[in-house]
Amino acid sequence: MSENAIATLTLASPEEVAGRHLAHHFDTPQQQFDSGKLGMWLFLGTEFLLFSGLFCAYAVYRMLHPQIFIYASRYLDPVSGALCTLVLVSSGFTMAWAIRCAQLGKRTALIIALLLTIAGGFGFLVIHGYEYFEEYQQHLMWGTHYHPAVNAPRQQVMVPKSGAVGGSWSQLNQLGKQGYLVAHSNIAPAAIGPAGPALAQRPADPVTAASVTAAASQPHNVQIFFGIYFLMTGLHSIHVIVGIILLTYLLVRAIRKDFGPGYYAPVDFIGLYWGVVDMIWMFLFPLLYLIH
Amino acid sequence: MTTTTVDIGEHAREEIPVGGNYLNQGKGIKSWLFTLDHKRIGLMYLISGLTMFFIGGMLAMVIRTQLLVPNGLIFHGSYEAYKHYNQVFTLHGIIMVFMVLVPIPPGALGNFVLPLMIGAKDVAFPRLNLLSYYLYVTGAIMAVVSTLLGAVDTGWTFYTPFSIQTETYVVWMVLGIFLLGFSSILTGLNFIVTIHKLRAPGMKWFRMPVFVWASYATSIIQVAATPVLGVTLLLLVAERVMGVGIFNSALGGDPVLFQDFFWFYSHPAVYIMILPAMGIVGEIITVFSRKPIFGYKFIVMSSLAIALIGFVVWGHHLFVNGQSAEWDAIFSFMTFFVAVPSAVKVFNWLATMYKGAISLTTPMLYALSFIVLFTIGGFTGVILGALATNVVLHDTYFVVAHFHYVMMGGTIIAFIGGLHYWWPKMFGRMYNETLGRITCVMLFIGINLTFFPQFIVGAEGMPRRYATYLPQYQPYMIASTVGAYIQLAAFVLMAGYLIHSLVRGKKAAANPWGASTLDWSMASPPTTGNFQQMPVVTQGPYHYEDMEYDGRLGGFVHVEPVPALAGVGAGH
């Protein structure tokens, strides 16, 4: 079927273009497009599930240790996060515009829209990269690399960036230790060793309780928040990078005049991918930056 | 189903030389390495998978030989030696689970048969299919590399915190398995789209053969569960490389969370392993009983039910790991619940055979073995799913015996049965039927002798994964090892007659078994494009009254409506 289409292509109507791109095992371009779309949606479903593990970890730790999240989230800059959101959402809009341009066969507009989308991706990476850099400087890192109090070069940056809510951290910690916030935690505090049986069945730990009153200013295990933060945003950033590569591929093909009313499936599918990357950020931003 | 297939018109005759098929259309190594033909990719999966099965099997023989004497025949006396034993059983588990049981039934048989069964020219995304195969190969190579650098000794489950602490090359291995998982996702995605979009005209959902339904259910699990394994493994890598601490209690993390994540994939994964096997058994039983499958819709729905319920039972792996009593009860109940659709299948297979004209060919013997072995494995699964008995039997050889009955006696036996069943279609040759039957009986005896004694020692308290054991268990362990050697002999014999059949085997007819599904409607082996003409389906998958055996051809032919089309497949 595709050979027939190649034979006659002096005046390429959309139908002919579609026929030229028809793979041997499909009967109609529509069947091919529908298959591609279903495949893409399934793939995007697996992307959500990939992130779902991290969302799950987030939910578990936030439920068990809300004080860590309330405390640590203040070190993230909501303004910068909002800027990231703005840039990504705008690039989502230009992507949707790109799909429409591809469908209508407006090549120049398609190229512009793709360029803007790519710029949005890079903009996001730059803003977020700068955030990472700041956090790196302040040693606000994951797990073993979290030691801001000891090594922070500038003590003043340790001040939370957004305003504090009422009540001190030591109070919050006390609440936590009294079982108010972490009544069902089966996670041992730092340096105690493996979790063992659930906390509810275990007598209160006098050492930790004492150290809480002594250390006062921050909750235990803040590094958990930063671990989750870096994993979630890091995995998301990897997806942005992959998206930029895919968009560049689209750009090259757009310049080669590959897309038009008869054939725009790749733009459509990669647009869906970009939409999902946007959408995941829409969840990440409030969950990480806007905790009160 | 009645079809208008295999009508080789003049046009087609010009394109395909006489005797041309997917094996010889396109020559040279490149035509294989870059092929987009689902049948060739399936064959490559088959070869790779059997290679991995050989390696995993040899590791199993090492384990069984070690356990001949209480102090260990191979590894004994030192910490290092016992560590090597840990590495051996870990590799055995990883290879068998991630490189044989999960990818090979869909990758080899599914790839080959599924498009043929629904009347498609190929899977929906042939390039993705090839990518999926190469991801599998790359993952397997990474596993081999990690073995050479320092074989993992964590067990195939990679439980934290040990997998964070051990000095072996966990990261390589885990990244390899991540790629294998990605390959599995892509295969599942491909199959779902293929089934949704590429069915032949008239191939309604409830006209699809049960193997297609089983593959569909499998694919749903592959797509929905494997990403969670992916992120779990990535977290484990982050844990080791970056020290993130989410699973590390020393950093405030929770090791049990890893177990939850891991089993959220790995329990559904056992249904990835068993569902295609059930599909194969369904096909074999209906054909060799010469009766339409009993309770078709129930079999179909039970596949889907198993796939869905499989997602909510993972907690039964954590009964003794600090899970709350309420969750224990819920997971235990859901585990019992899986037994219902499984039993629906078994009863329907039995009802299919009832008053059927059963012929005890090699594939049928495998299917019957499957029913017996899977039932034993399934029932002991119920014992393990019960809370009180689980506490006693947890981490004993009883568990080992249970899942080997299900995986070896279930998946592998059905897979081999399917391999024999579709062998004529794949290669166009018949194997030696007598040797086939002898091998099946040997395997059946071998498996029971290997694994049944393990139920007994497990119930008596022998823990799994130990390099040594108390002398009182030795008679059982010797029986078990003898059984393993019988299995080895059976596999050697099988390899012998199957390879022999490739060279000397009798040429296979288009439809040597008299199956009514579309995969038998074209010549054996099929041509690259599968169907000369688009098949049009007008009825359900199983009906045997309109065909009869033709001795001259060595296969079945349609007696109505078009007697002439019989000669086509068998002619060359």
# chains A, B, ... in the order shown; residues from 1 in each chain; ligands from 1
call {"tool": "residues_around", "arguments": {"residues": "range 50-54 of chain B", "least_positions_apart": "4", "cutoff": "10 Å", "atoms": "only C-alpha atoms", "output": "PyMOL selection string"}}
result
chain B and resi 44-46+58-60+92+95-101+104+108+140+412+488+491
call {"tool": "closest_atom_pairs", "arguments": {"of": "range 219-259 of chain A", "to": "range 61-75 of chain A", "cutoff": "9 Å", "atoms": "only C-alpha atoms", "output": "Markdown table"}}
result
| residue | atom | partner | partner_atom | distance |
| --- | --- | --- | --- | --- |
| A:Pro219 | CA | A:Ile68 | CA | 5.9 |
| A:His220 | CA | A:Ile68 | CA | 7.1 |
| A:Asn221 | CA | A:Ile68 | CA | 7.1 |
| A:Val222 | CA | A:Ile68 | CA | 5.4 |
| A:Gln223 | CA | A:Ala72 | CA | 8.6 |
| A:Ile224 | CA | A:Ile68 | CA | 8.0 |
| A:Phe225 | CA | A:Phe69 | CA | 6.2 |
| A:Phe226 | CA | A:Ala72 | CA | 7.7 |
call {"tool": "interface_residues", "arguments": {"of": "chain B", "to": "chain A", "cutoff": "7 Å", "atoms": "only C-alpha atoms", "output": "list in words"}}
result
Lys121, Asp122, Ala124, Leu189, Val193, Lys197, Val223, Ala224, Pro227, Val228, Gly230, Val231, Gly243, Val244, Gly245, Ile246, Ser249, Ala250, Leu251, Gly252, Gly253, Asp254 and Gly322 of chain B
call {"tool": "residues_around", "arguments": {"residues": "Leu443 in chain B", "least_positions_apart": "4", "cutoff": "7 Å", "atoms": "only C-alpha atoms", "output": "list in words"}}
result
Thr439, Ile447, Gln487 and Ala490 of chain B
call {"tool": "residues_around", "arguments": {"residues": "Pro424 in chain B", "least_positions_apart": "4", "cutoff": "8 Å", "atoms": "only C-alpha atoms", "output": "list of chain:residue names"}}
result
B:His420, B:Gly428, B:Arg429, B:Met430, B:Ala508, B:Ala509, B:Pro512, B:Ser524, B:Pro525
call {"tool": "residues_around", "arguments": {"residues": "His316 in chain B", "least_positions_apart": "2", "cutoff": "10 Å", "atoms": "only C-alpha atoms", "output": "list in words"}}
result
Trp263, His267, Val312, Val313, Trp314, Leu318, Phe319, Val320, Asn321, Gln323, Trp327, Asp328, Ala329, Ile330, Phe331, Ser332, Phe333, Met334, Thr335, Leu384, Gly385, Ala386, Leu387 and Asn390 of chain B
call {"tool": "atom_distance", "arguments": {"atom1": "CA of Thr527 in chain B", "atom2": "CA of Met117 in chain B"}}
result
14.6 Å
call {"tool": "select_by_dssp", "arguments": {"residues": "range 66-109 of chain A", "states": "alpha helix (DSSP H)", "output": "VMD selection string"}}
result
chain A and resid 66 to 72 78 to 104 107 to 109
call {"tool": "write_last_selection", "arguments": {"atoms": "C-alpha atoms", "output": "PDB file, in the first residue's frame"}}
result
ATOM      1  CA  PRO A  66       4.981  16.377  59.077  1.00  0.00           C
ATOM      2  CA  GLN A  67       7.329  18.573  61.104  1.00  0.00           C
ATOM      3  CA  ILE A  68      10.239  17.730  58.794  1.00  0.00           C
ATOM      4  CA  PHE A  69       8.320  18.838  55.749  1.00  0.00           C
ATOM      5  CA  ILE A  70       6.989  22.018  57.315  1.00  0.00           C
ATOM      6  CA  TYR A  71      10.450  22.909  58.507  1.00  0.00           C
ATOM      7  CA  ALA A  72      12.522  22.003  55.467  1.00  0.00           C
ATOM      8  CA  PRO A  78       8.608  29.636  46.312  1.00  0.00           C
ATOM      9  CA  VAL A  79       9.326  32.559  43.999  1.00  0.00           C
ATOM     10  CA  SER A  80      11.837  30.576  42.034  1.00  0.00           C
ATOM     11  CA  GLY A  81       9.459  27.611  42.059  1.00  0.00           C
ATOM     12  CA  ALA A  82       6.649  29.811  40.786  1.00  0.00           C
ATOM     13  CA  LEU A  83       8.913  31.115  38.062  1.00  0.00           C
ATOM     14  CA  CYS A  84       9.671  27.543  37.022  1.00  0.00           C
ATOM     15  CA  THR A  85       5.958  26.840  36.945  1.00  0.00           C
ATOM     16  CA  LEU A  86       5.284  29.899  34.832  1.00  0.00           C
ATOM     17  CA  VAL A  87       7.996  28.992  32.338  1.00  0.00           C
ATOM     18  CA  LEU A  88       6.836  25.387  32.047  1.00  0.00           C
ATOM     19  CA  VAL A  89       3.178  26.280  31.677  1.00  0.00           C
ATOM     20  CA  SER A  90       4.038  28.802  28.978  1.00  0.00           C
ATOM     21  CA  SER A  91       6.042  26.174  27.145  1.00  0.00           C
ATOM     22  CA  GLY A  92       3.037  23.886  27.463  1.00  0.00           C
ATOM     23  CA  PHE A  93       0.981  26.529  25.721  1.00  0.00           C
ATOM     24  CA  THR A  94       3.522  26.964  22.915  1.00  0.00           C
ATOM     25  CA  MET A  95       3.627  23.190  22.538  1.00  0.00           C
ATOM     26  CA  ALA A  96      -0.132  23.047  22.065  1.00  0.00           C
ATOM     27  CA  TRP A  97       0.234  25.859  19.555  1.00  0.00           C
ATOM     28  CA  ALA A  98       2.938  23.846  17.781  1.00  0.00           C
ATOM     29  CA  ILE A  99       0.575  20.898  17.393  1.00  0.00           C
ATOM     30  CA  ARG A 100      -2.087  23.126  15.902  1.00  0.00           C
ATOM     31  CA  CYS A 101       0.468  24.664  13.507  1.00  0.00           C
ATOM     32  CA  ALA A 102       1.589  21.196  12.441  1.00  0.00           C
ATOM     33  CA  GLN A 103      -2.008  20.160  11.786  1.00  0.00           C
ATOM     34  CA  LEU A 104      -2.600  23.261   9.702  1.00  0.00           C
ATOM     35  CA  ARG A 107       5.704  25.580   8.895  1.00  0.00           C
ATOM     36  CA  THR A 108       7.174  28.897  10.090  1.00  0.00           C
ATOM     37  CA  ALA A 109       4.780  29.170  12.989  1.00  0.00           C
TER      38      ALA A 109
END
call {"tool": "residues_around", "arguments": {"residues": "Val277 in chain A", "least_positions_apart": "6", "cutoff": "8 Å", "atoms": "only C-alpha atoms", "output": "list in words"}}
result
His236, His239 and Val240 of chain A
call {"tool": "closest_residue", "arguments": {"among": "A:Val267, A:Leu76, A:Leu115, A:Ile127", "to": "Tyr229 in chain A", "atoms": "only C-alpha atoms"}}
result
A:Leu76
call {"tool": "atom_distance", "arguments": {"atom1": "CA of Val287 in chain B", "atom2": "CA of Met547 in chain B"}}
result
11.9 Å
call {"tool": "residues_around", "arguments": {"residues": "Gly282 in chain B", "least_positions_apart": "6", "cutoff": "9 Å", "atoms": "only C-alpha atoms", "output": "mmCIF file with C-alpha atoms, in the first residue's frame"}}
result
data_model
loop_
_atom_site.group_PDB
_atom_site.id
_atom_site.type_symbol
_atom_site.label_atom_id
_atom_site.label_comp_id
_atom_site.auth_asym_id
_atom_site.auth_seq_id
_atom_site.Cartn_x
_atom_site.Cartn_y
_atom_site.Cartn_z
ATOM 1 C CA PRO B 209 -8.210 -17.156 21.643
ATOM 2 C CA VAL B 210 -7.607 -17.480 25.383
ATOM 3 C CA PHE B 211 -3.860 -17.127 24.909
ATOM 4 C CA ILE B 293 -12.954 -24.676 25.577
ATOM 5 C CA ILE B 299 -11.511 -18.253 31.530
ATOM 6 C CA LYS B 345 -9.461 -21.903 35.234
ATOM 7 C CA TRP B 349 -9.860 -27.015 31.770
ATOM 8 C CA ALA B 367 -0.625 -29.275 29.885
#
